[in-house]
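K.L.:
If you scroll down you'll find the structure; I have some questions about it.
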Amino acid sequence: MKTIAIIGAGPAGIEAASILAAKEETEILLFEKSASTLDNLRDKAFLFPDFSAADDLVEILEAKLNRDNIKLLSGKEVKSVTEQDGGWQLQDAEGTSYTADAVLMTTGYKVFDAHRKEELGYGIYPGVITSIDMEKKIKEGKVLNAVGDTPKKIVFLQCVGSRDEKSGNHYCSKVCCVTAVKQAIELRKLLPEVETYIFYMDLRMWGGGFEEMYRESQEKYGVRYVRGRISEAASTYDGKIQIKSEDTLVGLPLKMSADLLVLMVGMEPSEGTKMLTRQCNCADSYGFATTMNPHLRDNETAQPGLFVAGSCKRPMSLNDTLTDARSAVVKIAEYLR
Amino acid sequence: MRNLKFGFAISTPRSINMDVADNRLLKQLEAEVPSFKRCMNCGACSATCSARQFTDYNIRRIHSLFRMQQYQDLEKELRPCMLCGKCTLVCPRGVNLRSMIMNMKKILTDPKRKDNE
Ligand SMILES: Cc1cc2nc3c(=O)[nH]c(=O)nc-3n(C[C@H](O)[C@H](O)[C@H](O)COP(=O)(O)OP(=O)(O)OC[C@H]3O[C@@H](n4cnc5c(N)ncnc54)[C@H](O)[C@@H]3O)c2cc1C
Ligand code: SF4
Ligand code: SF4
Ligand code: SF4
């Protein structure tokens with residue numbers, strides 16, 4: 001009997017658990033610090049690139065856990081992971097110990113805290129919200145401005161907390177460009193009269209179908225794009241948000257007032273990711289997990305038997321996360337053979 | 001507020017001929033201010049710039065013109081800058097714009113200026 005401990009019941013952890021559990025003589029301990037699984041999916045309405053309902057994917061992934069040899073330990077936060085006599089020992093927040101033959105870390109990400117960009121007014125002006133707040137509004141099917149009216153103009157700002165020396169994050173978060181396109185399209189479906197503007201520095205449409213979404217957003221949904229970073233946001237007397245930017249393609253300063261300013265917050269390593277990568281000596285300068293080799297050994301850490309998958313490694317979309325979890329499974333099976 | 005035009009209009013070249021461009025001043029500036037190279041042309045500096053509020057002064061374009069080795073009239077173009085440093089505070093790539101501006105001025109007004117002008 002082999003025991004595999006998986007830390008984090010997000011998409012990566014669940015996908016890996018369900019495939020590993022198909023093998024006989026295997027027991028999976030799936031730790032999840034939250035009371036529920038898949039928290040980072042449950043607040044989403046529709047997913048890029050196919051606009052499928054996030055709730056449907058949640059249901060499919062949850063069903064994969066219905067196996068006797070998967071023990072879901074929800075509400076159990078793993079606090080330490082240590083190697084012991086060729087095996088692994090884990091400890092949860094209550095101090096209970098568990099042993100395992102191999103460990104897979106799938107502790108994921110958290111979103112950048114927009115309060116840290118004070119000049120953009122999050123937490124100061126109610127008209128400034130994050131992409132997560134917007135996702136929840138779209139999910140409820142009710143998008144209102146700060147004073148409870150139907151918004152007429154909504155502005156998105158890319159790269160909040162990513163590609164930003166001031167936030168300490170040099171990397172690109174990968175999901176926010178296409179998420180803004182997705183949300184702008186959804187808003188135009190929901191409120192056909194609303195004007196949507198996306199302020200970008202570079203539009204990164206790297207995934208299959210992304211560029212087509214961008215094109216469709218212009219052609220079919222009339223989403224407008226402005227190349228420039230918003231440097232400041234302030235409130236007007238009537239509760240609107242006034243932004244200051246430059247249209248860098250025209251080369252002129254630009255002012256605009258909007259009902260809502262949506263900050264496209266980036267991805268950072270979750271607290272669990274930061275804590276455990278530091279403990280296991282596999283943290284990069286941000287606290288994401290590093291691997292042996294980006295091409296051939298991208299699920300292995302320097303410690304044999306300790307594997308990593310998903311967005312605890314770097315910002316990653318869902319399909320990349322799920323593929324990465326499956327690739328980790330191959331490496332774990334090789335290791336335990 | 002309307003833009004009052006008591007600054008200098010940037011005399012943009014009609015075309016950029018990289019075959020005759022002289023990169024010596026650029027290399028000198030990059031050596032003095034290494035962060036100069038990191039600009040991604042986002043426009044945060046020019047959006048927040050104090051001088052920009054009243055003149056046609058555009059620090060992002062001056063950066064770009066220098067990068068493309070188009071130095072003509074740049075020294076004059078730089079004059080509205082009051083060296084307040086706001087641009088440096090907002091730059092997401094950590095470009096030291098204030099130091100860049102001072103070094104540009106120094107390089108452009110150097111009596112032993114290294115280019116052909
Ligand atoms: C605004 C936004 C919109 C997005 N929209 C899309 C989309 O439309 N389509 C798409 O493909 N992708 C989208 N993504 C990306 C998607 O959310 C991620 O790819 C995916 O959630 C990553 O899964 P994961 O399993 O790696 O990590 P997570 O989803 O973060 O899961 C990690 C889990 O580990 C748990 N955990 C952490 N530490 C511990 C610990 N110490 N002990 C126990 N448990 C722990 C956490 O509670 C969490 O449940 C979006 C991301 C953002 C920010
Ligand atoms: S995906 Fe787009 S918005 Fe997000 S950090 Fe990268 S460039 Fe910026
Ligand atoms: S230092 Fe000069 S360029 Fe920078 S914000 Fe102030 S006036 Fe503008
Ligand atoms: S703020 Fe920085 S990166 Fe952006 S245009 Fe100005 S110098 Fe370049």
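We label chains A, B, ... in the order they appear in the structure tokens, count residues from 1 in each chain, and number ligands from 1 in the order shown.
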Only residues of chain B matter here; which ones have an atom within 12 Å of chain A, counting only C-alpha atoms? Give them as an mmCIF file with all heavy atoms, in the first residue's frame.
P.N.:
```
data_model
loop_
_atom_site.group_PDB
_atom_site.id
_atom_site.type_symbol
_atom_site.label_atom_id
_atom_site.label_comp_id
_atom_site.auth_asym_id
_atom_site.auth_seq_id
_atom_site.Cartn_x
_atom_site.Cartn_y
_atom_site.Cartn_z
ATOM 1 N N MET B 1 -9.141 70.992 -17.486
ATOM 2 C CA MET B 1 -8.532 72.245 -17.968
ATOM 3 C C MET B 1 -7.945 72.062 -19.363
ATOM 4 O O MET B 1 -7.424 71.011 -19.686
ATOM 5 C CB MET B 1 -7.408 72.658 -17.007
ATOM 6 C CG MET B 1 -6.944 74.066 -17.240
ATOM 7 S SD MET B 1 -5.289 74.334 -16.606
ATOM 8 C CE MET B 1 -5.507 74.001 -14.885
ATOM 9 N N ARG B 2 -8.013 73.097 -20.194
ATOM 10 C CA ARG B 2 -7.425 72.985 -21.528
ATOM 11 C C ARG B 2 -5.917 73.052 -21.442
ATOM 12 O O ARG B 2 -5.357 73.653 -20.531
ATOM 13 C CB ARG B 2 -7.954 74.111 -22.423
ATOM 14 C CG ARG B 2 -9.284 73.745 -23.059
ATOM 15 C CD ARG B 2 -9.757 74.786 -24.044
ATOM 16 N NE ARG B 2 -8.697 75.301 -24.902
ATOM 17 C CZ ARG B 2 -8.473 76.596 -25.101
ATOM 18 N NH1 ARG B 2 -9.220 77.481 -24.486
ATOM 19 N NH2 ARG B 2 -7.519 77.006 -25.895
ATOM 20 N N ASN B 3 -5.261 72.440 -22.391
ATOM 21 C CA ASN B 3 -3.815 72.501 -22.406
ATOM 22 C C ASN B 3 -3.363 73.864 -22.889
ATOM 23 O O ASN B 3 -3.633 74.248 -24.016
ATOM 24 C CB ASN B 3 -3.236 71.443 -23.340
ATOM 25 C CG ASN B 3 -3.030 70.133 -22.621
ATOM 26 O OD1 ASN B 3 -3.003 70.103 -21.385
ATOM 27 N ND2 ASN B 3 -2.895 69.071 -23.365
ATOM 28 N N ILE B 10 6.781 69.241 -29.513
ATOM 29 C CA ILE B 10 7.865 68.328 -29.872
ATOM 30 C C ILE B 10 8.021 68.322 -31.386
ATOM 31 O O ILE B 10 7.069 68.112 -32.117
ATOM 32 C CB ILE B 10 7.594 66.900 -29.366
ATOM 33 C CG1 ILE B 10 7.624 66.920 -27.842
ATOM 34 C CG2 ILE B 10 8.619 65.926 -29.923
ATOM 35 C CD1 ILE B 10 7.699 65.564 -27.210
ATOM 36 N N THR B 12 8.766 66.391 -33.834
ATOM 37 C CA THR B 12 8.948 65.001 -34.192
ATOM 38 C C THR B 12 9.530 64.905 -35.603
ATOM 39 O O THR B 12 9.053 65.581 -36.502
ATOM 40 C CB THR B 12 7.596 64.276 -34.184
ATOM 41 O OG1 THR B 12 6.918 64.669 -33.005
ATOM 42 C CG2 THR B 12 7.772 62.778 -34.209
ATOM 43 N N SER B 35 18.558 51.806 -15.808
ATOM 44 C CA SER B 35 17.126 51.508 -15.773
ATOM 45 C C SER B 35 16.395 52.078 -16.989
ATOM 46 O O SER B 35 15.267 51.690 -17.276
ATOM 47 C CB SER B 35 16.497 52.052 -14.478
ATOM 48 O OG SER B 35 16.610 53.457 -14.422
ATOM 49 N N ARG B 38 14.671 49.681 -19.386
ATOM 50 C CA ARG B 38 13.550 48.826 -18.967
ATOM 51 C C ARG B 38 12.176 49.338 -19.373
ATOM 52 O O ARG B 38 11.176 48.671 -19.142
ATOM 53 C CB ARG B 38 13.572 48.667 -17.445
ATOM 54 C CG ARG B 38 14.700 47.814 -16.920
ATOM 55 C CD ARG B 38 14.340 47.190 -15.586
ATOM 56 N NE ARG B 38 14.131 48.175 -14.546
ATOM 57 C CZ ARG B 38 15.067 48.500 -13.640
ATOM 58 N NH1 ARG B 38 16.243 47.915 -13.665
ATOM 59 N NH2 ARG B 38 14.816 49.387 -12.715
ATOM 60 N N CYS B 39 12.094 50.533 -19.953
ATOM 61 C CA CYS B 39 10.787 51.138 -20.238
ATOM 62 C C CYS B 39 9.937 50.236 -21.126
ATOM 63 O O CYS B 39 10.418 49.647 -22.084
ATOM 64 C CB CYS B 39 11.010 52.484 -20.925
ATOM 65 S SG CYS B 39 9.463 53.218 -21.521
ATOM 66 N N MET B 40 8.638 50.105 -20.792
ATOM 67 C CA MET B 40 7.734 49.352 -21.661
ATOM 68 C C MET B 40 6.680 50.282 -22.275
ATOM 69 O O MET B 40 5.634 49.836 -22.721
ATOM 70 C CB MET B 40 7.089 48.192 -20.916
ATOM 71 C CG MET B 40 6.282 48.584 -19.694
ATOM 72 S SD MET B 40 5.359 47.166 -19.045
ATOM 73 C CE MET B 40 4.851 47.799 -17.459
ATOM 74 N N ASN B 41 6.974 51.592 -22.241
ATOM 75 C CA ASN B 41 6.110 52.568 -22.911
ATOM 76 C C ASN B 41 4.657 52.556 -22.455
ATOM 77 O O ASN B 41 3.742 52.655 -23.278
ATOM 78 C CB ASN B 41 6.162 52.338 -24.427
ATOM 79 C CG ASN B 41 7.053 53.374 -25.069
ATOM 80 O OD1 ASN B 41 6.764 54.569 -24.994
ATOM 81 N ND2 ASN B 41 8.148 52.942 -25.660
ATOM 82 N N CYS B 42 4.460 52.418 -21.135
ATOM 83 C CA CYS B 42 3.089 52.299 -20.646
ATOM 84 C C CYS B 42 2.399 53.666 -20.533
ATOM 85 O O CYS B 42 1.174 53.749 -20.529
ATOM 86 C CB CYS B 42 3.078 51.609 -19.289
ATOM 87 S SG CYS B 42 3.750 52.631 -17.978
ATOM 88 N N GLY B 43 3.183 54.725 -20.386
ATOM 89 C CA GLY B 43 2.590 56.057 -20.316
ATOM 90 C C GLY B 43 2.162 56.502 -18.925
ATOM 91 O O GLY B 43 1.502 57.531 -18.783
ATOM 92 N N ALA B 44 2.535 55.754 -17.897
ATOM 93 C CA ALA B 44 2.174 56.183 -16.540
ATOM 94 C C ALA B 44 2.905 57.470 -16.175
ATOM 95 O O ALA B 44 2.339 58.364 -15.547
ATOM 96 C CB ALA B 44 2.490 55.083 -15.530
ATOM 97 N N CYS B 45 4.172 57.585 -16.596
ATOM 98 C CA CYS B 45 4.967 58.780 -16.273
ATOM 99 C C CYS B 45 4.335 60.025 -16.898
ATOM 100 O O CYS B 45 4.119 61.028 -16.224
ATOM 101 C CB CYS B 45 6.406 58.602 -16.746
ATOM 102 S SG CYS B 45 6.568 58.095 -18.467
ATOM 103 N N SER B 46 4.015 59.934 -18.187
ATOM 104 C CA SER B 46 3.474 61.108 -18.872
ATOM 105 C C SER B 46 2.053 61.420 -18.412
ATOM 106 O O SER B 46 1.618 62.568 -18.464
ATOM 107 C CB SER B 46 3.517 60.888 -20.387
ATOM 108 O OG SER B 46 3.273 59.551 -20.707
ATOM 109 N N ALA B 47 1.322 60.401 -17.945
ATOM 110 C CA ALA B 47 -0.031 60.641 -17.450
ATOM 111 C C ALA B 47 -0.010 61.407 -16.138
ATOM 112 O O ALA B 47 -0.876 62.226 -15.868
ATOM 113 C CB ALA B 47 -0.773 59.321 -17.274
ATOM 114 N N THR B 48 0.996 61.163 -15.339
ATOM 115 C CA THR B 48 1.029 61.754 -14.001
ATOM 116 C C THR B 48 1.870 63.041 -13.957
ATOM 117 O O THR B 48 1.782 63.806 -13.012
ATOM 118 C CB THR B 48 1.570 60.713 -12.991
ATOM 119 O OG1 THR B 48 1.047 61.003 -11.712
ATOM 120 C CG2 THR B 48 3.086 60.703 -12.943
ATOM 121 N N CYS B 49 2.626 63.295 -15.001
ATOM 122 C CA CYS B 49 3.636 64.371 -15.032
ATOM 123 C C CYS B 49 3.057 65.754 -14.722
ATOM 124 O O CYS B 49 2.055 66.173 -15.303
ATOM 125 C CB CYS B 49 4.295 64.384 -16.404
ATOM 126 S SG CYS B 49 5.397 65.775 -16.673
ATOM 127 N N SER B 50 3.731 66.473 -13.820
ATOM 128 C CA SER B 50 3.281 67.819 -13.446
ATOM 129 C C SER B 50 3.377 68.781 -14.626
ATOM 130 O O SER B 50 2.456 69.562 -14.881
ATOM 131 C CB SER B 50 4.146 68.375 -12.308
ATOM 132 O OG SER B 50 4.387 67.372 -11.348
ATOM 133 N N ALA B 51 4.474 68.758 -15.350
ATOM 134 C CA ALA B 51 4.669 69.691 -16.475
ATOM 135 C C ALA B 51 3.664 69.406 -17.585
ATOM 136 O O ALA B 51 3.235 70.316 -18.301
ATOM 137 C CB ALA B 51 6.101 69.569 -17.008
ATOM 138 N N ARG B 52 3.260 68.159 -17.733
ATOM 139 C CA ARG B 52 2.346 67.757 -18.791
ATOM 140 C C ARG B 52 0.970 68.389 -18.639
ATOM 141 O O ARG B 52 0.228 68.553 -19.604
ATOM 142 C CB ARG B 52 2.241 66.229 -18.798
ATOM 143 C CG ARG B 52 1.335 65.641 -19.862
ATOM 144 C CD ARG B 52 1.725 66.174 -21.220
ATOM 145 N NE ARG B 52 1.181 65.378 -22.308
ATOM 146 C CZ ARG B 52 1.010 65.845 -23.533
ATOM 147 N NH1 ARG B 52 1.323 67.099 -23.800
ATOM 148 N NH2 ARG B 52 0.557 65.082 -24.483
ATOM 149 N N GLN B 53 0.622 68.748 -17.390
ATOM 150 C CA GLN B 53 -0.696 69.311 -17.156
ATOM 151 C C GLN B 53 -0.864 70.671 -17.856
ATOM 152 O O GLN B 53 -1.966 71.095 -18.143
ATOM 153 C CB GLN B 53 -0.992 69.482 -15.654
ATOM 154 C CG GLN B 53 -0.741 68.238 -14.795
ATOM 155 C CD GLN B 53 -1.402 66.988 -15.337
ATOM 156 O OE1 GLN B 53 -2.579 66.999 -15.683
ATOM 157 N NE2 GLN B 53 -0.656 65.885 -15.426
ATOM 158 N N PHE B 54 0.250 71.366 -18.113
ATOM 159 C CA PHE B 54 0.162 72.733 -18.640
ATOM 160 C C PHE B 54 0.803 72.910 -20.017
ATOM 161 O O PHE B 54 0.623 73.929 -20.643
ATOM 162 C CB PHE B 54 0.812 73.711 -17.649
ATOM 163 C CG PHE B 54 0.298 73.551 -16.262
ATOM 164 C CD1 PHE B 54 1.064 72.958 -15.274
ATOM 165 C CD2 PHE B 54 -1.006 73.953 -15.949
ATOM 166 C CE1 PHE B 54 0.557 72.791 -13.993
ATOM 167 C CE2 PHE B 54 -1.510 73.786 -14.671
ATOM 168 C CZ PHE B 54 -0.728 73.199 -13.693
ATOM 169 N N THR B 55 1.590 71.945 -20.437
ATOM 170 C CA THR B 55 2.321 72.110 -21.706
ATOM 171 C C THR B 55 2.193 70.849 -22.555
ATOM 172 O O THR B 55 1.599 69.868 -22.126
ATOM 173 C CB THR B 55 3.820 72.356 -21.445
ATOM 174 O OG1 THR B 55 4.372 71.147 -20.919
ATOM 175 C CG2 THR B 55 4.048 73.484 -20.453
ATOM 176 N N ASP B 56 2.775 70.882 -23.734
ATOM 177 C CA ASP B 56 2.783 69.713 -24.607
ATOM 178 C C ASP B 56 3.907 68.739 -24.260
ATOM 179 O O ASP B 56 4.097 67.738 -24.933
ATOM 180 C CB ASP B 56 2.947 70.149 -26.067
ATOM 181 C CG ASP B 56 1.623 70.625 -26.639
ATOM 182 O OD1 ASP B 56 0.584 70.314 -26.020
ATOM 183 O OD2 ASP B 56 1.627 71.310 -27.675
ATOM 184 N N TYR B 57 4.627 69.086 -23.214
ATOM 185 C CA TYR B 57 5.751 68.259 -22.765
ATOM 186 C C TYR B 57 5.306 66.815 -22.530
ATOM 187 O O TYR B 57 4.325 66.565 -21.840
ATOM 188 C CB TYR B 57 6.274 68.885 -21.470
ATOM 189 C CG TYR B 57 7.335 68.102 -20.775
ATOM 190 C CD1 TYR B 57 8.642 68.139 -21.235
ATOM 191 C CD2 TYR B 57 7.035 67.340 -19.654
ATOM 192 C CE1 TYR B 57 9.627 67.433 -20.580
ATOM 193 C CE2 TYR B 57 8.017 66.633 -18.995
ATOM 194 C CZ TYR B 57 9.313 66.676 -19.478
ATOM 195 O OH TYR B 57 10.277 65.970 -18.831
ATOM 196 N N ASN B 58 6.045 65.870 -23.117
ATOM 197 C CA ASN B 58 5.677 64.454 -22.950
ATOM 198 C C ASN B 58 6.931 63.625 -22.710
ATOM 199 O O ASN B 58 7.678 63.302 -23.630
ATOM 200 C CB ASN B 58 4.931 63.962 -24.197
ATOM 201 C CG ASN B 58 4.454 62.519 -24.050
ATOM 202 O OD1 ASN B 58 5.060 61.727 -23.339
ATOM 203 N ND2 ASN B 58 3.368 62.193 -24.729
ATOM 204 N N ILE B 59 7.145 63.282 -21.448
ATOM 205 C CA ILE B 59 8.390 62.613 -21.082
ATOM 206 C C ILE B 59 8.499 61.200 -21.687
ATOM 207 O O ILE B 59 9.586 60.737 -22.005
ATOM 208 C CB ILE B 59 8.575 62.590 -19.536
ATOM 209 C CG1 ILE B 59 9.968 62.054 -19.145
ATOM 210 C CG2 ILE B 59 7.490 61.790 -18.846
ATOM 211 C CD1 ILE B 59 11.126 62.837 -19.757
ATOM 212 N N ARG B 60 7.370 60.540 -21.869
ATOM 213 C CA ARG B 60 7.438 59.203 -22.480
ATOM 214 C C ARG B 60 7.932 59.283 -23.917
ATOM 215 O O ARG B 60 8.755 58.509 -24.368
ATOM 216 C CB ARG B 60 6.077 58.515 -22.444
ATOM 217 C CG ARG B 60 6.097 57.100 -23.014
ATOM 218 C CD ARG B 60 4.689 56.548 -23.198
ATOM 219 N NE ARG B 60 3.871 57.418 -24.044
ATOM 220 C CZ ARG B 60 3.947 57.453 -25.377
ATOM 221 N NH1 ARG B 60 4.786 56.677 -26.020
ATOM 222 N NH2 ARG B 60 3.189 58.294 -26.061
ATOM 223 N N ARG B 61 7.431 60.309 -24.648
ATOM 224 C CA ARG B 61 7.868 60.457 -26.040
ATOM 225 C C ARG B 61 9.320 60.900 -26.124
ATOM 226 O O ARG B 61 10.045 60.490 -27.015
ATOM 227 C CB ARG B 61 6.970 61.452 -26.785
ATOM 228 C CG ARG B 61 5.608 60.865 -27.062
ATOM 229 C CD ARG B 61 4.856 61.679 -28.076
ATOM 230 N NE ARG B 61 5.451 61.556 -29.413
ATOM 231 C CZ ARG B 61 5.200 62.415 -30.414
ATOM 232 N NH1 ARG B 61 4.410 63.433 -30.206
ATOM 233 N NH2 ARG B 61 5.744 62.219 -31.580
ATOM 234 N N ILE B 62 9.742 61.739 -25.163
ATOM 235 C CA ILE B 62 11.148 62.147 -25.166
ATOM 236 C C ILE B 62 12.025 60.911 -24.939
ATOM 237 O O ILE B 62 13.036 60.717 -25.613
ATOM 238 C CB ILE B 62 11.393 63.230 -24.087
ATOM 239 C CG1 ILE B 62 10.689 64.529 -24.503
ATOM 240 C CG2 ILE B 62 12.888 63.448 -23.867
ATOM 241 C CD1 ILE B 62 10.754 65.640 -23.464
ATOM 242 N N SER B 64 11.263 57.894 -25.774
ATOM 243 C CA SER B 64 11.225 57.099 -27.010
ATOM 244 C C SER B 64 12.088 57.721 -28.104
ATOM 245 O O SER B 64 12.781 57.013 -28.836
ATOM 246 C CB SER B 64 9.791 56.966 -27.515
ATOM 247 O OG SER B 64 9.066 56.147 -26.640
ATOM 248 N N LYS B 86 7.659 62.956 -9.814
ATOM 249 C CA LYS B 86 6.414 62.158 -9.760
ATOM 250 C C LYS B 86 6.460 60.974 -10.718
ATOM 251 O O LYS B 86 5.986 59.882 -10.416
ATOM 252 C CB LYS B 86 5.211 63.041 -10.128
ATOM 253 C CG LYS B 86 4.502 63.640 -8.932
ATOM 254 C CD LYS B 86 3.319 64.498 -9.367
ATOM 255 C CE LYS B 86 2.037 63.689 -9.550
ATOM 256 N NZ LYS B 86 0.916 64.538 -10.022
ATOM 257 N N CYS B 87 7.039 61.229 -11.903
ATOM 258 C CA CYS B 87 7.138 60.173 -12.921
ATOM 259 C C CYS B 87 7.892 58.966 -12.367
ATOM 260 O O CYS B 87 7.489 57.823 -12.559
ATOM 261 C CB CYS B 87 7.850 60.718 -14.149
ATOM 262 S SG CYS B 87 9.370 61.622 -13.751
ATOM 263 N N THR B 88 8.985 59.226 -11.675
ATOM 264 C CA THR B 88 9.806 58.153 -11.120
ATOM 265 C C THR B 88 9.014 57.356 -10.081
ATOM 266 O O THR B 88 9.163 56.150 -9.971
ATOM 267 C CB THR B 88 11.079 58.756 -10.479
ATOM 268 O OG1 THR B 88 11.686 59.625 -11.432
ATOM 269 C CG2 THR B 88 12.063 57.669 -10.071
ATOM 270 N N LEU B 89 8.163 58.063 -9.348
ATOM 271 C CA LEU B 89 7.368 57.390 -8.313
ATOM 272 C C LEU B 89 6.376 56.398 -8.905
ATOM 273 O O LEU B 89 6.098 55.368 -8.285
ATOM 274 C CB LEU B 89 6.590 58.420 -7.485
ATOM 275 C CG LEU B 89 7.372 59.159 -6.409
ATOM 276 C CD1 LEU B 89 6.457 60.177 -5.729
ATOM 277 C CD2 LEU B 89 7.926 58.188 -5.375
ATOM 278 N N VAL B 90 5.812 56.691 -10.067
ATOM 279 C CA VAL B 90 4.764 55.808 -10.595
ATOM 280 C C VAL B 90 5.283 54.730 -11.549
ATOM 281 O O VAL B 90 4.577 53.768 -11.816
ATOM 282 C CB VAL B 90 3.645 56.577 -11.338
ATOM 283 C CG1 VAL B 90 2.941 57.539 -10.408
ATOM 284 C CG2 VAL B 90 4.171 57.299 -12.565
ATOM 285 N N CYS B 91 6.494 54.887 -12.063
ATOM 286 C CA CYS B 91 6.938 53.977 -13.132
ATOM 287 C C CYS B 91 6.930 52.510 -12.682
ATOM 288 O O CYS B 91 7.612 52.135 -11.733
ATOM 289 C CB CYS B 91 8.340 54.344 -13.605
ATOM 290 S SG CYS B 91 8.956 53.150 -14.809
ATOM 291 N N PRO B 92 6.150 51.651 -13.367
ATOM 292 C CA PRO B 92 6.066 50.250 -12.962
ATOM 293 C C PRO B 92 7.330 49.455 -13.278
ATOM 294 O O PRO B 92 7.510 48.355 -12.772
ATOM 295 C CB PRO B 92 4.889 49.713 -13.781
ATOM 296 C CG PRO B 92 4.809 50.589 -14.969
ATOM 297 C CD PRO B 92 5.269 51.944 -14.510
ATOM 298 N N ARG B 93 8.180 49.997 -14.127
ATOM 299 C CA ARG B 93 9.416 49.285 -14.455
ATOM 300 C C ARG B 93 10.618 49.834 -13.680
ATOM 301 O O ARG B 93 11.755 49.443 -13.914
ATOM 302 C CB ARG B 93 9.687 49.365 -15.954
ATOM 303 C CG ARG B 93 8.909 48.336 -16.774
ATOM 304 C CD ARG B 93 9.465 46.932 -16.568
ATOM 305 N NE ARG B 93 8.685 45.890 -17.207
ATOM 306 C CZ ARG B 93 8.860 45.470 -18.459
ATOM 307 N NH1 ARG B 93 9.759 46.035 -19.211
ATOM 308 N NH2 ARG B 93 8.119 44.495 -18.931
ATOM 309 N N GLY B 94 10.348 50.754 -12.769
ATOM 310 C CA GLY B 94 11.435 51.279 -11.952
ATOM 311 C C GLY B 94 12.470 52.059 -12.754
ATOM 312 O O GLY B 94 13.653 52.040 -12.430
ATOM 313 N N VAL B 95 12.024 52.755 -13.811
ATOM 314 C CA VAL B 95 12.953 53.605 -14.553
ATOM 315 C C VAL B 95 13.200 54.869 -13.717
ATOM 316 O O VAL B 95 12.249 55.499 -13.264
ATOM 317 C CB VAL B 95 12.375 53.994 -15.934
ATOM 318 C CG1 VAL B 95 13.334 54.927 -16.681
ATOM 319 C CG2 VAL B 95 12.084 52.744 -16.763
ATOM 320 N N ASN B 96 14.457 55.195 -13.513
ATOM 321 C CA ASN B 96 14.778 56.402 -12.747
ATOM 322 C C ASN B 96 14.701 57.608 -13.689
ATOM 323 O O ASN B 96 15.701 58.097 -14.205
ATOM 324 C CB ASN B 96 16.154 56.279 -12.113
ATOM 325 C CG ASN B 96 16.420 57.398 -11.119
ATOM 326 O OD1 ASN B 96 15.715 58.420 -11.128
ATOM 327 N ND2 ASN B 96 17.401 57.205 -10.271
#
```
K.L.:
Would you mind writing down, as a PyMOL selection string, each residue of stretch 120-279 of chain A that DSSP on the backbone assigns to strand (DSSP E)?
P.N.:
chain A and resi 128-130+153-160+195-200+224-227+232-235+241-247+252-258+260-265+267-269
K.L.:
Mind pulling up the distance from atom CA of A:Leu276 to atom CA of A:Lys64?
P.N.:
26.1 Å
K.L.:
Hey, which residues sit close to ligand 2? Say within 8 Å, counting only C-alpha atoms and all ligand atoms, and write them as a list in words.
P.N.:
Leu157, Gln158, Cys159, Val160, Gly161, Ser162, Arg163, Tyr171, Cys172, Ser173, Lys174, Val175, Cys176, Cys177, Val178, Ala180, Tyr200, Met201, Asp202, Leu203, Arg204, Met264, Val265 and Gly266 of chain A
K.L.:
Within 7 Å of ligand 1, which residues show up when you count only C-alpha atoms and all ligand atoms? List them as number ranges by chain, please.
P.N.:
A: 7-13, 31-34, 37-41, 44, 46-49, 76-79, 106-111, 131-132, 175-176, 179, 265-267, 270-273, 309-312, 316-319, 321
K.L.:
Would you please work out which residue, of B:Leu108, B:Met102, B:Leu26, B:Leu97, is nearest to ligand 4 when using only C-alpha atoms and all ligand atoms?
P.N.:
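Comparing B:Leu108, B:Met102, B:Leu26, B:Leu97 against ligand 4, the winner is B:Leu97.
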K.L.:
As JSON, numbers by chain, please: the residues near B:Gln28 (cut-off 10 Å, only C-alpha atoms, same-chain neighbours under 5 positions excluded).
P.N.:
{"B": [23, 33, 34, 103, 104, 107, 114]}
K.L.:
Near A:Leu29, counting only C-alpha atoms, which residues have an atom at most 10 Å away, once you skip same-chain residues fewer than 2 positions from it, shown as a ChimeraX atom specification?
P.N.:
/A:3-7,17,27,31-32,69-73,98-100,103
K.L.:
Would you mind telling me which residue in B:Leu74, B:Leu29, B:Met100, B:Met82 lies nearest to ligand 3 when using only C-alpha atoms and all ligand atoms?
P.N.:
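Looking at the shortest contact to ligand 3, the residue is B:Met82.
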K.L.:
To test your reading of the structure, identify every residue in stretch 31-113 of chain B that backbone DSSP assigns to alpha helix (DSSP H), and report it as a ChimeraX atom specification.
P.N.:
/B:31-32,44-48,59-67,74-77,86-90,97-109
K.L.:
Counting only C-alpha atoms and all ligand atoms, which residue out of B:Arg14, B:Lys106, B:Arg24, B:Arg98 sits closest to ligand 4?
P.N.:
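For ligand 4, the nearest of the given residues is B:Arg98.
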K.L.:
Quick one: everything within 12 Å of B:Lys105, counting only C-alpha atoms, minus sequence neighbours fewer than 6 positions away in the same chain. Send it as a list in words.
P.N.:
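Within the cut-off, the hits are Leu25, Leu29, Ile62, Phe66, Tyr71, Asp73, Leu74, Glu75, Lys76, Glu77, Leu78, Arg79, Cys81, Leu83, Arg98, Ser99, Pro111 and Arg113 of chain B.
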K.L.:
Please, what distance in Å, to one decimal, runs between atom CA of A:Met105 and atom CA of A:Val58?
P.N.:
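Computing the Euclidean distance for atom CA of A:Met105 and atom CA of A:Val58 yields 20.1 Å.
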